[in-house]
Each structure stands twice: as C-alpha cells, then as structure tokens.
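See below for input06.csv, which holds CSV, C-alpha atoms and all ligand atoms.
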```
chain,number,residue,atom,x,y,z
D,1,MET,CA,14.6,38.0,-20.4
D,2,ALA,CA,15.9,36.7,-17.1
D,3,GLU,CA,13.9,33.8,-15.8
D,4,ARG,CA,11.7,33.8,-12.7
D,5,ILE,CA,12.0,30.5,-10.9
D,6,LEU,CA,9.7,29.3,-8.1
D,7,THR,CA,9.2,26.2,-6.1
D,8,GLY,CA,7.7,25.2,-2.7
D,9,ILE,CA,8.1,22.2,-0.4
D,10,LYS,CA,5.6,21.2,2.3
D,11,PRO,CA,6.8,21.0,5.9
D,12,THR,CA,4.8,17.9,6.4
D,13,GLY,CA,7.5,15.5,7.7
D,14,GLN,CA,11.1,14.6,7.5
D,15,LEU,CA,12.6,15.4,4.1
D,16,THR,CA,13.7,12.4,2.1
D,17,LEU,CA,16.4,11.6,-0.4
D,18,GLY,CA,13.6,11.9,-3.0
D,19,ASN,CA,13.0,15.6,-2.1
D,20,TYR,CA,16.8,16.1,-2.2
D,21,ILE,CA,17.4,14.6,-5.6
D,22,GLY,CA,14.2,15.7,-7.1
D,23,VAL,CA,14.4,19.3,-6.1
D,24,LEU,CA,16.7,20.6,-3.4
D,25,LYS,CA,20.0,19.6,-5.0
D,26,ASN,CA,19.3,21.7,-8.1
D,27,LEU,CA,18.1,24.9,-6.4
D,28,LYS,CA,21.6,26.4,-6.1
D,29,LYS,CA,22.2,26.2,-9.9
D,30,GLU,CA,18.8,27.8,-10.6
D,31,THR,CA,19.9,31.0,-9.0
D,32,GLU,CA,22.3,31.6,-12.0
D,33,ARG,CA,19.3,31.8,-14.4
D,34,GLY,CA,17.3,34.6,-12.7
D,35,GLU,CA,15.5,35.6,-9.5
D,36,CYS,CA,14.3,32.7,-7.5
D,37,PHE,CA,11.4,32.4,-5.0
D,38,TYR,CA,11.7,29.3,-2.8
D,39,PHE,CA,9.2,28.9,-0.1
D,40,ILE,CA,8.0,26.7,2.7
D,41,ALA,CA,4.4,25.6,1.8
D,42,ASP,CA,3.1,25.8,5.3
D,43,LEU,CA,-0.5,26.6,4.3
D,44,HIS,CA,-0.4,23.5,2.2
D,45,ALA,CA,0.8,21.5,5.1
D,46,LEU,CA,-2.5,22.2,6.9
D,47,THR,CA,-4.4,20.3,4.2
D,48,LEU,CA,-3.8,17.1,6.2
D,49,PRO,CA,-3.9,16.8,10.0
D,50,ILE,CA,-0.7,18.0,11.7
D,51,GLU,CA,0.3,18.9,15.3
D,52,PRO,CA,1.1,22.6,15.7
D,53,GLU,CA,4.5,22.0,17.3
D,54,VAL,CA,5.4,19.5,14.6
D,55,LEU,CA,4.5,22.0,11.9
D,56,ARG,CA,6.6,24.7,13.6
D,57,GLN,CA,9.7,22.4,13.9
D,58,ASN,CA,9.3,21.0,10.4
D,59,SER,CA,9.2,24.6,9.0
D,60,ILE,CA,12.4,25.6,10.8
D,61,ASP,CA,14.0,22.3,9.6
D,62,LEU,CA,13.0,22.9,6.1
D,63,ALA,CA,14.4,26.5,6.1
D,64,CYS,CA,17.7,25.1,7.2
D,65,PHE,CA,17.6,22.4,4.5
D,66,TYR,CA,17.0,25.0,1.8
D,67,LEU,CA,20.0,27.0,3.1
D,68,ALA,CA,22.1,23.9,3.4
D,69,ALA,CA,21.5,23.3,-0.3
D,70,GLY,CA,23.8,26.3,-0.8
D,71,ILE,CA,21.4,28.8,-2.3
D,72,ASP,CA,22.7,32.3,-2.6
D,73,THR,CA,20.1,34.4,-0.7
D,74,LYS,CA,21.0,37.5,-2.7
D,75,LYS,CA,19.5,35.8,-5.7
D,76,ALA,CA,17.0,33.6,-4.1
D,77,ASN,CA,14.2,34.7,-1.7
D,78,LEU,CA,13.4,32.2,0.9
D,79,PHE,CA,10.1,32.7,2.8
D,80,LEU,CA,7.1,31.1,4.5
D,81,GLN,CA,4.0,31.0,2.4
D,82,SER,CA,1.9,32.1,5.3
D,83,SER,CA,4.0,35.3,5.8
D,84,VAL,CA,2.8,36.6,2.5
D,85,SER,CA,-1.0,37.1,2.7
D,86,ALA,CA,-1.4,37.6,-1.0
D,87,HIS,CA,-1.2,33.8,-1.4
D,88,ALA,CA,-4.5,33.5,0.5
D,89,GLU,CA,-6.1,36.5,-1.3
D,90,LEU,CA,-5.2,35.3,-4.7
D,91,ASN,CA,-6.4,31.8,-3.8
D,92,ALA,CA,-9.9,33.4,-3.0
D,93,ILE,CA,-10.0,34.8,-6.5
D,94,MET,CA,-8.5,31.9,-8.4
D,95,GLN,CA,-10.8,29.3,-6.9
D,96,ASN,CA,-13.5,30.6,-9.2
D,97,TYR,CA,-11.6,29.6,-12.3
D,98,LEU,CA,-10.8,26.0,-11.6
D,99,TYR,CA,-13.6,23.5,-11.6
D,100,MET,CA,-14.7,20.6,-9.4
D,101,GLY,CA,-14.3,18.1,-12.3
D,102,GLU,CA,-10.7,18.9,-12.9
D,103,LEU,CA,-9.8,19.1,-9.2
D,104,SER,CA,-11.3,15.7,-8.6
D,105,ARG,CA,-9.1,14.2,-11.3
D,106,MET,CA,-5.8,15.2,-9.6
D,107,THR,CA,-3.8,12.1,-8.8
D,108,GLN,CA,-2.4,13.6,-5.5
D,109,PHE,CA,-6.0,14.3,-4.3
D,110,LYS,CA,-7.1,10.8,-5.3
D,111,ASP,CA,-4.1,9.1,-3.5
D,112,LYS,CA,-4.4,11.1,-0.3
D,113,SER,CA,-8.2,11.1,0.0
D,114,SER,CA,-8.5,7.4,-0.9
D,115,LYS,CA,-6.9,6.6,2.5
D,116,MET,CA,-9.5,8.8,4.4
D,117,LYS,CA,-13.1,8.6,5.4
D,118,GLU,CA,-15.1,11.0,3.2
D,119,SER,CA,-16.4,12.9,6.2
D,120,ALA,CA,-12.7,13.7,7.1
D,121,ILE,CA,-11.5,15.0,3.8
D,122,GLY,CA,-11.0,18.8,4.1
D,123,LEU,CA,-11.9,21.3,1.5
D,124,GLY,CA,-8.3,22.5,1.5
D,125,LEU,CA,-7.1,19.1,0.4
D,126,PHE,CA,-9.5,19.2,-2.6
D,127,ALA,CA,-8.7,22.8,-3.4
D,128,TYR,CA,-4.9,22.2,-3.0
D,129,PRO,CA,-4.1,22.9,-6.6
D,130,VAL,CA,-5.9,26.3,-6.5
D,131,LEU,CA,-3.5,27.5,-3.8
D,132,MET,CA,-0.5,26.0,-5.6
D,133,ALA,CA,-1.5,27.8,-8.8
D,134,SER,CA,-1.8,31.0,-6.8
D,135,ASP,CA,1.7,30.5,-5.5
D,136,ILE,CA,3.1,30.3,-9.0
D,137,ILE,CA,1.0,33.1,-10.5
D,138,LEU,CA,1.9,35.6,-7.8
D,139,TYR,CA,5.5,35.7,-8.8
D,140,ASP,CA,5.1,35.7,-12.6
D,141,ALA,CA,7.1,32.5,-12.4
D,142,ASN,CA,7.9,31.0,-15.8
D,143,ILE,CA,9.9,28.1,-14.5
D,144,VAL,CA,8.8,25.7,-11.7
D,145,PRO,CA,11.3,23.0,-10.8
D,146,VAL,CA,9.4,20.0,-9.3
D,147,GLY,CA,9.5,16.2,-9.0
D,148,GLU,CA,7.3,14.1,-11.3
D,149,ASP,CA,4.4,13.9,-9.0
D,150,GLN,CA,3.8,17.7,-9.2
D,151,VAL,CA,3.7,17.9,-13.0
D,152,GLN,CA,0.0,17.5,-13.1
D,153,HIS,CA,-0.5,20.5,-10.8
D,154,VAL,CA,1.7,22.7,-12.9
D,155,GLU,CA,-0.2,21.6,-16.0
D,156,LEU,CA,-3.5,22.6,-14.3
D,157,THR,CA,-1.9,26.0,-13.4
D,158,ARG,CA,-1.2,26.4,-17.1
D,159,ASP,CA,-4.9,25.6,-18.0
D,160,LEU,CA,-6.0,28.2,-15.4
D,161,VAL,CA,-3.6,30.9,-16.7
D,162,ASN,CA,-4.8,30.3,-20.3
D,163,ARG,CA,-8.4,30.4,-19.2
D,164,PHE,CA,-7.9,33.6,-17.2
D,165,ASN,CA,-5.9,35.3,-20.0
D,166,ASN,CA,-8.5,34.4,-22.6
D,167,ARG,CA,-11.2,36.0,-20.5
D,168,TYR,CA,-9.3,39.1,-19.3
D,169,GLY,CA,-6.3,39.7,-21.6
D,170,GLU,CA,-2.6,38.9,-21.1
D,171,VAL,CA,-2.6,39.4,-17.3
D,172,LEU,CA,-0.8,36.3,-16.0
D,173,THR,CA,2.5,34.7,-16.9
D,174,LEU,CA,2.3,31.2,-18.3
D,175,PRO,CA,4.6,28.9,-16.2
D,176,LYS,CA,6.2,25.6,-17.2
D,177,TYR,CA,7.5,22.8,-15.1
D,178,GLU,CA,11.1,21.6,-15.1
D,179,MET,CA,12.0,18.1,-14.0
D,180,ARG,CA,15.4,16.5,-13.6
D,181,LYS,CA,16.2,14.2,-16.4
D,182,VAL,CA,17.5,11.6,-13.9
D,183,GLY,CA,15.8,11.4,-10.5
D,184,ALA,CA,12.4,13.1,-10.9
D,185,ARG,CA,10.8,10.1,-9.1
D,186,ILE,CA,12.9,8.3,-6.6
D,187,MET,CA,11.2,5.2,-5.4
D,188,SER,CA,10.9,3.5,-1.9
D,189,LEU,CA,13.9,1.2,-1.1
D,190,SER,CA,11.6,-1.4,0.4
D,191,ASP,CA,8.9,-1.2,-2.3
D,192,PRO,CA,10.2,0.2,-5.6
D,193,SER,CA,6.7,0.4,-7.1
D,194,LYS,CA,6.0,3.3,-4.7
D,195,LYS,CA,7.3,6.8,-4.6
D,196,MET,CA,9.7,7.6,-1.7
D,197,SER,CA,7.4,9.9,0.2
D,198,LYS,CA,7.7,11.7,3.5
D,199,SER,CA,4.1,11.2,4.5
D,200,ASP,CA,4.2,7.4,3.7
D,201,PRO,CA,7.7,6.7,5.1
D,202,LYS,CA,8.4,3.1,4.2
D,203,GLY,CA,11.8,2.5,2.6
D,204,ASP,CA,12.7,6.1,2.9
D,205,ILE,CA,16.1,7.6,3.4
D,206,PHE,CA,15.6,10.7,5.5
D,207,LEU,CA,18.0,13.6,5.2
D,208,LYS,CA,18.5,13.6,8.9
D,209,ASP,CA,19.3,9.8,9.2
D,210,ASP,CA,22.8,9.2,10.6
D,211,LEU,CA,25.2,7.8,8.0
D,212,THR,CA,25.3,4.3,9.6
D,213,THR,CA,21.5,4.1,9.2
D,214,ILE,CA,21.6,5.3,5.6
D,215,ARG,CA,24.3,2.7,4.8
D,216,LYS,CA,22.2,0.0,6.4
D,217,LYS,CA,19.1,1.0,4.5
D,218,ILE,CA,20.8,0.9,1.2
D,219,MET,CA,22.5,-2.4,1.8
D,220,SER,CA,19.2,-3.9,2.7
D,221,ALA,CA,17.2,-2.3,-0.2
D,222,VAL,CA,15.0,-4.7,-2.1
D,223,THR,CA,16.7,-5.9,-5.2
D,224,ASP,CA,15.6,-8.2,-8.0
D,225,SER,CA,16.2,-11.7,-9.1
D,226,GLY,CA,19.2,-12.1,-11.4
D,227,SER,CA,22.7,-10.7,-10.8
D,228,GLU,CA,23.2,-8.1,-13.5
D,229,VAL,CA,23.3,-4.4,-12.6
D,230,LYS,CA,21.1,-3.1,-15.4
D,231,TYR,CA,18.5,-0.4,-15.8
D,232,ASP,CA,15.2,-2.1,-16.5
D,233,VAL,CA,12.3,-0.5,-14.6
D,234,GLU,CA,9.9,-3.2,-15.4
D,235,ASN,CA,11.9,-6.3,-14.5
D,236,LYS,CA,14.5,-4.7,-12.2
D,237,PRO,CA,12.7,-1.9,-10.4
D,238,GLY,CA,14.9,-2.0,-7.3
D,239,ILE,CA,18.2,-2.0,-9.1
D,240,SER,CA,16.9,0.7,-11.5
D,241,ASN,CA,16.1,2.9,-8.6
D,242,LEU,CA,19.5,2.5,-7.0
D,243,LEU,CA,21.1,3.2,-10.4
D,244,THR,CA,19.0,6.4,-10.7
D,245,ILE,CA,20.1,7.5,-7.2
D,246,TYR,CA,23.7,6.9,-8.1
D,247,ALA,CA,23.6,8.6,-11.4
D,248,ALA,CA,21.6,11.6,-10.1
D,249,LEU,CA,24.0,12.2,-7.2
D,250,LYS,CA,27.1,11.9,-9.5
D,251,GLU,CA,25.4,13.9,-12.2
D,252,ILE,CA,26.0,11.4,-14.9
D,253,SER,CA,23.7,9.6,-17.3
D,254,ILE,CA,22.1,6.2,-16.4
D,255,GLU,CA,24.1,4.6,-19.2
D,256,ASP,CA,27.3,5.8,-17.8
D,257,ALA,CA,26.3,4.6,-14.3
D,258,GLU,CA,25.5,1.2,-15.8
D,259,LYS,CA,28.9,1.0,-17.5
D,260,GLU,CA,30.6,1.4,-14.2
D,261,PHE,CA,29.0,-1.7,-12.8
D,262,VAL,CA,29.0,-4.2,-15.8
D,263,ASN,CA,31.0,-6.7,-13.9
D,264,SER,CA,29.8,-5.9,-10.4
D,265,ARG,CA,27.7,-8.0,-8.1
D,266,TYR,CA,24.7,-6.5,-6.3
D,267,GLY,CA,26.6,-6.3,-3.0
D,268,ASP,CA,29.5,-4.3,-4.5
D,269,PHE,CA,27.1,-2.1,-6.4
D,270,LYS,CA,25.0,-1.3,-3.3
D,271,LYS,CA,28.2,-0.4,-1.4
D,272,ALA,CA,29.1,2.1,-4.1
D,273,VAL,CA,25.7,3.6,-4.0
D,274,ALA,CA,25.9,3.9,-0.2
D,275,ASP,CA,29.3,5.6,-0.5
D,276,VAL,CA,28.0,8.2,-2.9
D,277,VAL,CA,24.9,8.9,-0.8
D,278,CYS,CA,26.8,9.1,2.5
D,279,ASN,CA,29.4,11.3,1.0
D,280,GLU,CA,26.9,13.8,-0.3
D,281,LEU,CA,24.5,13.8,2.7
D,282,GLY,CA,27.4,13.9,5.2
D,283,ALA,CA,28.5,17.3,3.9
D,284,PHE,CA,24.9,18.4,3.6
D,285,GLN,CA,24.1,17.5,7.2
D,286,GLU,CA,27.1,19.3,8.5
D,287,LYS,CA,25.9,22.5,6.8
D,288,TYR,CA,22.4,21.9,8.1
D,289,ARG,CA,23.6,21.7,11.7
D,290,GLN,CA,25.6,24.9,11.5
D,291,ILE,CA,22.6,26.8,10.1
D,292,LEU,CA,20.2,25.4,12.7
D,293,GLU,CA,22.6,26.4,15.5
D,294,SER,CA,23.3,29.9,14.2
D,295,LYS,CA,19.6,30.6,13.6
D,296,GLU,CA,20.6,32.5,10.5
D,297,TYR,CA,17.4,31.3,8.9
D,298,GLU,CA,15.3,33.8,10.9
D,299,LYS,CA,16.8,36.8,9.2
D,300,VAL,CA,16.7,35.1,5.8
D,301,LEU,CA,13.0,34.3,6.1
D,302,LEU,CA,12.1,37.9,7.2
D,303,GLU,CA,14.1,39.4,4.3
D,304,GLY,CA,12.8,36.9,1.9
D,305,ALA,CA,9.2,37.6,2.8
D,306,ALA,CA,9.7,41.3,2.5
D,307,ARG,CA,10.8,41.0,-1.1
D,308,ALA,CA,8.2,38.3,-1.8
D,309,ARG,CA,5.4,40.6,-0.6
D,310,GLU,CA,6.6,43.4,-2.9
D,311,VAL,CA,6.3,41.2,-6.0
D,312,ALA,CA,3.1,39.3,-4.9
D,313,ASN,CA,1.2,42.4,-3.9
D,314,SER,CA,1.9,44.0,-7.3
D,315,THR,CA,0.5,40.9,-9.1
D,316,LEU,CA,-2.5,40.8,-6.8
D,317,LYS,CA,-3.3,44.4,-7.7
D,318,ARG,CA,-3.1,43.6,-11.4
D,319,VAL,CA,-5.4,40.6,-11.0
D,320,LYS,CA,-7.9,42.6,-8.9
D,321,LYS,CA,-8.1,45.3,-11.5
D,322,ALA,CA,-8.5,42.8,-14.3
D,323,VAL,CA,-11.5,41.1,-12.7
D,324,GLY,CA,-13.1,44.3,-11.6
D,325,LEU,CA,-12.4,44.6,-7.9
D,326,LEU,CA,-11.9,48.2,-6.9
D,327,ASN,CA,-8.4,49.1,-5.6
D,328,LEU,CA,-9.3,52.0,-3.3
D,329,GLU,CA,-6.1,52.9,-1.4
W,1,LIG,P1,4.2,14.2,0.9
W,1,LIG,O1,4.6,12.8,1.0
W,1,LIG,O2,3.9,14.9,2.2
W,1,LIG,O3,3.1,14.5,-0.1
W,1,LIG,P2,6.3,15.1,-0.8
W,1,LIG,O4,7.7,14.9,-0.3
W,1,LIG,O5,5.7,14.3,-1.9
W,1,LIG,O6,5.4,15.0,0.6
W,1,LIG,P3,6.8,17.9,-1.0
W,1,LIG,O7,7.5,17.9,0.3
W,1,LIG,O8,6.0,19.1,-1.1
W,1,LIG,O9,5.9,16.6,-1.1
W,1,LIG,O10,7.7,17.7,-2.2
W,1,LIG,C1,8.7,18.7,-2.5
W,1,LIG,C2,9.3,18.4,-3.8
W,1,LIG,O11,9.9,17.2,-3.8
W,1,LIG,C3,8.2,18.3,-4.9
W,1,LIG,O12,8.6,19.1,-6.1
W,1,LIG,C4,8.1,16.9,-5.2
W,1,LIG,O13,7.7,16.6,-6.6
W,1,LIG,C5,9.5,16.4,-5.0
W,1,LIG,N1,9.6,15.0,-4.6
W,1,LIG,C6,8.9,14.4,-3.6
W,1,LIG,N2,9.1,13.1,-3.5
W,1,LIG,C7,10.0,12.8,-4.5
W,1,LIG,C8,10.6,11.6,-5.0
W,1,LIG,N3,10.4,10.5,-4.4
W,1,LIG,N4,11.5,11.7,-6.1
W,1,LIG,C9,11.7,12.9,-6.7
W,1,LIG,N5,11.1,14.1,-6.3
W,1,LIG,C10,10.3,14.1,-5.2
W,2,LIG,N1,2.4,20.9,-4.1
W,2,LIG,C1,3.8,20.8,-3.9
W,2,LIG,C2,4.3,21.9,-3.0
W,2,LIG,C3,4.0,23.2,-3.6
W,2,LIG,C4,4.6,23.8,-4.8
W,2,LIG,C5,4.0,25.0,-4.9
W,2,LIG,C6,5.6,23.3,-5.7
W,2,LIG,C7,3.1,24.1,-3.1
W,2,LIG,N2,3.1,25.2,-3.9
W,2,LIG,C8,4.3,25.8,-6.0
W,2,LIG,C9,5.9,24.2,-6.8
W,2,LIG,C10,5.2,25.4,-6.9
W,2,LIG,C11,4.1,19.4,-3.3
W,2,LIG,O1,3.2,18.8,-2.8
W,2,LIG,N3,5.2,18.9,-3.5
```

Would you mind giving the structure from this file in structure tokens?
Ligand code: ATP
Ligand code: LTN
Amino acid sequence: MAERILTGIKPTGQLTLGNYIGVLKNLKKETERGECFYFIADLHALTLPIEPEVLRQNSIDLACFYLAAGIDTKKANLFLQSSVSAHAELNAIMQNYLYMGELSRMTQFKDKSSKMKESAIGLGLFAYPVLMASDIILYDANIVPVGEDQVQHVELTRDLVNRFNNRYGEVLTLPKYEMRKVGARIMSLSDPSKKMSKSDPKGDIFLKDDLTTIRKKIMSAVTDSGSEVKYDVENKPGISNLLTIYAALKEISIEDAEKEFVNSRYGDFKKAVADVVCNELGAFQEKYRQILESKEYEKVLLEGAARAREVANSTLKRVKKAVGLLNLE
C-alpha cells in the first residue's frame, strides 16, 4: 500500500535551522513514498498571541520555504490548515475523546504555559493536541515526519485512534511518527541544553539570516572545555550539536563526521560546519527568493486546499456516521 504522509509547521516566527534539519530538508524525499499532505498550521499559530499582519507574512514565508525545499507539488499537497474547514469540525468531535489529565501532561503545554499567567492561558493552547490529532486523522496519514519535540503529540494521537476504534470499529487509520536518525533535535548555539526554537530565539540560525551572520553565529557558538571534536552530549553538548548539524546536512553518520575531525581544532571544525551550513542555505535562500517574487505559492495553496478538502471531507463523513451524527445532504 502506498503511504500517506502528513506534516505541519506553525507560522509562528522565523524558521530556524532546527526546522530545516528536523523536517523541511526531508520532505522532498517523502514524496517518493506516497501522497503527501504538507500544511501551514495557522490555526495552531493562534494558540499564542500573534499580530494579524505577522501571521499573514509568516504564512506566506512558510509556503515559500516549503516550496524551496523542492517538493514536487504533483505528489505533495501544500495548503493552509484554515482553508480546510474539516480540521475545525473534526476537532469539535475529537475533543470528546481526549481527557484533561492526558492533555495537562503534554510537555509542550507545560513548557509554554509555565511562562504565562494562568489567567492568560487560552483553551486553544491546552487543547492543541486535539487539533493536531484531527489534522493527522483527516488524511488517514500513516506516517508523520516530525522533530523529537512532537513525538509525544503523535503518540497521543495513536491513543486517541485506538480509543476511538475500540469504541466504533476500524474507522480511523493508526499513524506513526518518523524522526530523522541524526538531527531530530537541534539545540541552541548559545545554550546547547535548550532546543533551537523559533519562539524562543536565542542562539538560533534563521533560514533568512544572511550568510555572513550565519557564519558569525557558528564561529561564536558555545563550545566546551577540552579540544577534542568528539560526540559526547553530556560532557560536550556544544560540540555534539555542531557535529549533529554537520552530519545531518551532509547526510552522513555522526561517527563518520567525527572521523573527519580527529585531528582538528575547534576553530577549524567550526569553519567546516559554517561552510556546510552556508553552502546548503545559500542555495535554499536563492530558491526561496524566486518563489516569493513569482508568487507561485498562491496557485499551489489553492490547488492543494482543493485536494485536501476532498480527502478531509470524506473522512469527516465517515467519522460523523460512526458516532451517530446524521449526514443529511
Ligand atoms: P515554536 O518554537 O513556535 O514552538 P517550533 O519550531 O518548535 O516552534 P514548528 O514550527 O511547528 O514548531 O515545528 C515544525 C517542525 O520542526 C516540527 O516537526 C518540530 O518538531 C520540528 N523542529 C522544531 N524545532 C526543531 C529543532 N530544534 N530540531 C529539530 N526539529 C525541530
Ligand atoms: N504541533 C506541531 C505542528 C503541527 C503538526 C500537525 C505536525 C500541527 N499539526 C500535524 C505534524 C502533524 C508543532 O508544533 N511543531
């Protein structure tokens, strides 16, 4: 059976090298395995305060970045989550099959809400995984490529699917996550104990940074005491992160990356990492600029949403029938 592959990215800020290595870079290859649904999770972006104009600009930017990743739009449908109303409708149904206890245990919710006053935490932030589960279920996706931080949400989706199918029969497809072996969690360059994250942009490399800035950021990345270029997350988190970036971009193993630098000093090693990052992002940025200028993303998003609606509405019908909602059309 051909696979169904789905993933989403939130237009919450400037995309980082973490998003690129963790997900974007691999989306082109995925199109060889089956039909893909890639979307801009703009409804999810509303779960934290965001200015309307910023959200609009981020959404356009993200569409261009998806396309710059080289995905073949004949095999991958690119669309805005908010263009397909079935996401919100399925969300309304699925919220009854996930429970407060399990939602309050989600690490992402705990991280994001711990920085806020309780009175300012929106229901949408708490219920975030319900909408994410609905995104996945609507397309009968069996494969969900994500970075490590999203694994918990996909696992919760599996719990929901099993719970639903036990109650109503085999209605929903059971998804599984897929993570990159190398690069599923790129860390901040200034604090390698923290994830590189676009909503907490310290020590981030942004995909839109100019190459001189990128080089500077890598050359001044926090390293560790000692002088050996060795992968040792506990004692050498900074060097390990840079080795991961290098290996992920060159698509080699960490061991092979280590071998290339056995006799190198930190400075030479960092220069090699900067060369690889600049080389890859330079070409990527060029494509991004062309796509942004040509506005080709507009047509792609419209066509993607049309196909997405077809699939999503048919799943929604199936779910409504299963739970006993009348489909009178
Ligand atoms: P935010 O900081 O706003 O929560 P985010 O970048 O973590 O943003 P998304 O933009 O939705 O969240 O992430 C898109 C994809 O990129 C997800 O699959 C996520 O797991 C992955 N990702 C995010 N940060 C990293 C990282 N540092 N390393 C690897 N993958 C990442
Ligand atoms: N929650 C994800 C973005 C996201 C997603 C999805 C990823 C929304 N819906 C469905 C995979 C499948 C994030 O914060 N990175």

Of the residues D:Glu30, D:Pro11, D:Asp72, D:Ile5, which is the one nearest to Glu51 of chain D, using all atoms listed in the file? D:Pro11

Against ligand LIG 2 (chain W), which residues of chain D fall within 10 Å? For each one I want the closest pair of atoms and the distance in Å (one decimal), counting all atoms listed in the file, rows by chain and increasing residue number, as CSV.
```
residue,atom,partner,partner_atom,distance
D:Ile5,CA,W:LIG2,C10,9.4
D:Leu6,CA,W:LIG2,C10,6.1
D:Thr7,CA,W:LIG2,C9,3.9
D:Gly8,CA,W:LIG2,C4,4.0
D:Ile9,CA,W:LIG2,C2,4.6
D:Lys10,CA,W:LIG2,C2,5.5
D:Pro11,CA,W:LIG2,C2,9.3
D:Thr12,CA,W:LIG2,O1,9.4
D:Asn19,CA,W:LIG2,N3,8.6
D:Val23,CA,W:LIG2,N3,9.6
D:Phe37,CA,W:LIG2,C10,9.5
D:Tyr38,CA,W:LIG2,C10,8.6
D:Phe39,CA,W:LIG2,C5,8.1
D:Ile40,CA,W:LIG2,C7,8.0
D:Ala41,CA,W:LIG2,C7,5.3
D:Asp42,CA,W:LIG2,C7,8.6
D:Leu43,CA,W:LIG2,C7,8.6
D:His44,CA,W:LIG2,C7,6.4
D:Ala45,CA,W:LIG2,O1,8.7
D:Gln81,CA,W:LIG2,N2,8.6
D:His87,CA,W:LIG2,N2,9.9
D:Gln108,CA,W:LIG2,O1,8.1
D:Tyr128,CA,W:LIG2,N1,7.5
D:Pro129,CA,W:LIG2,N1,7.2
D:Val130,CA,W:LIG2,N2,9.4
D:Leu131,CA,W:LIG2,N2,7.0
D:Met132,CA,W:LIG2,N2,4.1
D:Ala133,CA,W:LIG2,C8,6.7
D:Ser134,CA,W:LIG2,C8,8.1
D:Asp135,CA,W:LIG2,C8,5.4
D:Ile136,CA,W:LIG2,C8,5.5
D:Ile137,CA,W:LIG2,C8,9.2
D:Ala141,CA,W:LIG2,C10,9.2
D:Ile143,CA,W:LIG2,C10,9.3
D:Val144,CA,W:LIG2,C9,5.9
D:Pro145,CA,W:LIG2,C9,6.8
D:Val146,CA,W:LIG2,C9,6.0
D:Gly147,CA,W:LIG2,N3,7.5
D:Glu148,CA,W:LIG2,N3,9.4
D:Asp149,CA,W:LIG2,N3,7.5
D:Gln150,CA,W:LIG2,N3,6.0
D:Val151,CA,W:LIG2,C9,9.1
D:Gln152,CA,W:LIG2,N1,9.9
D:His153,CA,W:LIG2,N1,7.3
D:Val154,CA,W:LIG2,C10,7.5
D:Thr157,CA,W:LIG2,C10,9.6
D:Pro175,CA,W:LIG2,C10,10.0
D:Tyr177,CA,W:LIG2,C9,8.6
D:Ser197,CA,W:LIG2,N3,10.0
```

Distance in Å - atom CA of Asp111 of chain D versus atom CA of Leu46 of chain D: 16.8 Å

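Here atom CA of Cys64 of chain D and atom CA of Arg289 of chain D stand 8.2 Å from one another.
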
Which residues are close to Arg307 of chain D, i.e. within 12 Å by all atoms listed in the file, leaving aside same-chain residues fewer than 5 positions away? Reply as a PyMOL selection string. chain D and resi 35-38+73-80+83-84+139+300-302+312-314

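Considering only C-alpha atoms and all ligand atoms, the residue among D:Asn162, D:Ser199, D:Asn327, D:Thr212 positioned nearest to ligand LIG 1 (chain W) is D:Ser199.
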
Counting all atoms listed in the file, what is within 8 Å of Met196 of chain D, bar same-chain residues fewer than 4 positions away, as a ChimeraX atom specification? /D:16-18,185-189,200-204

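The two atoms in question, atom CA of Asp159 of chain D and atom CA of Tyr66 of chain D, are spaced 29.5 Å apart.
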
Contacts of segment 235-251 of chain D at 9 Å (all atoms listed in the file; same-chain gap of 4+ positions) as a PyMOL selection string: chain D and resi 17-18+21-22+25+180-183+185-193+218+221-226+229-231+255-258+266+269-270+272-274+276-277+280

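The smallest atom-to-atom distance between Ser264 of chain D and any of D:Ala92, D:Glu310, D:Ala305, D:Ser227, using only C-alpha atoms, is found for D:Ser227.
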
Where atoms are absent from segment 165-176 of chain D, fill them in so it carries N, CA, C and O atoms, then output it as a compact mmCIF listing (two decimals), in the coordinates of the input.
```
# COMPACT_ATOMS: atom_id res chain seq x y z
N ASN D 165 -6.40 34.36 -18.99
CA ASN D 165 -5.90 35.30 -20.00
C ASN D 165 -6.88 35.43 -21.19
O ASN D 165 -7.02 36.50 -21.78
N ASN D 166 -7.53 34.33 -21.53
CA ASN D 166 -8.50 34.40 -22.60
C ASN D 166 -9.68 35.29 -22.22
O ASN D 166 -10.25 36.00 -23.05
N ARG D 167 -10.01 35.26 -20.97
CA ARG D 167 -11.20 36.00 -20.50
C ARG D 167 -10.80 37.51 -20.27
O ARG D 167 -11.58 38.39 -20.56
N TYR D 168 -9.58 37.77 -19.73
CA TYR D 168 -9.30 39.10 -19.30
C TYR D 168 -8.09 39.80 -20.01
O TYR D 168 -7.71 40.91 -19.66
N GLY D 169 -7.49 39.10 -20.97
CA GLY D 169 -6.30 39.70 -21.60
C GLY D 169 -5.04 39.10 -21.01
O GLY D 169 -5.11 38.30 -20.07
N GLU D 170 -3.88 39.54 -21.51
CA GLU D 170 -2.60 38.90 -21.10
C GLU D 170 -2.22 39.45 -19.66
O GLU D 170 -1.34 40.29 -19.52
N VAL D 171 -2.86 38.92 -18.65
CA VAL D 171 -2.60 39.40 -17.30
C VAL D 171 -1.59 38.53 -16.57
O VAL D 171 -0.72 39.01 -15.85
N LEU D 172 -1.67 37.22 -16.80
CA LEU D 172 -0.80 36.30 -16.00
C LEU D 172 0.28 35.67 -16.89
O LEU D 172 0.11 35.51 -18.10
N THR D 173 1.37 35.32 -16.23
CA THR D 173 2.50 34.70 -16.90
C THR D 173 2.27 33.17 -16.98
O THR D 173 1.90 32.55 -15.98
N LEU D 174 2.52 32.60 -18.15
CA LEU D 174 2.30 31.20 -18.30
C LEU D 174 3.57 30.41 -17.80
O LEU D 174 4.68 30.60 -18.32
N PRO D 175 3.41 29.57 -16.78
CA PRO D 175 4.60 28.90 -16.20
C PRO D 175 4.82 27.53 -16.93
O PRO D 175 3.91 27.00 -17.58
N LYS D 176 6.02 26.99 -16.78
CA LYS D 176 6.20 25.60 -17.20
C LYS D 176 7.04 24.86 -16.15
O LYS D 176 7.84 25.48 -15.45
```
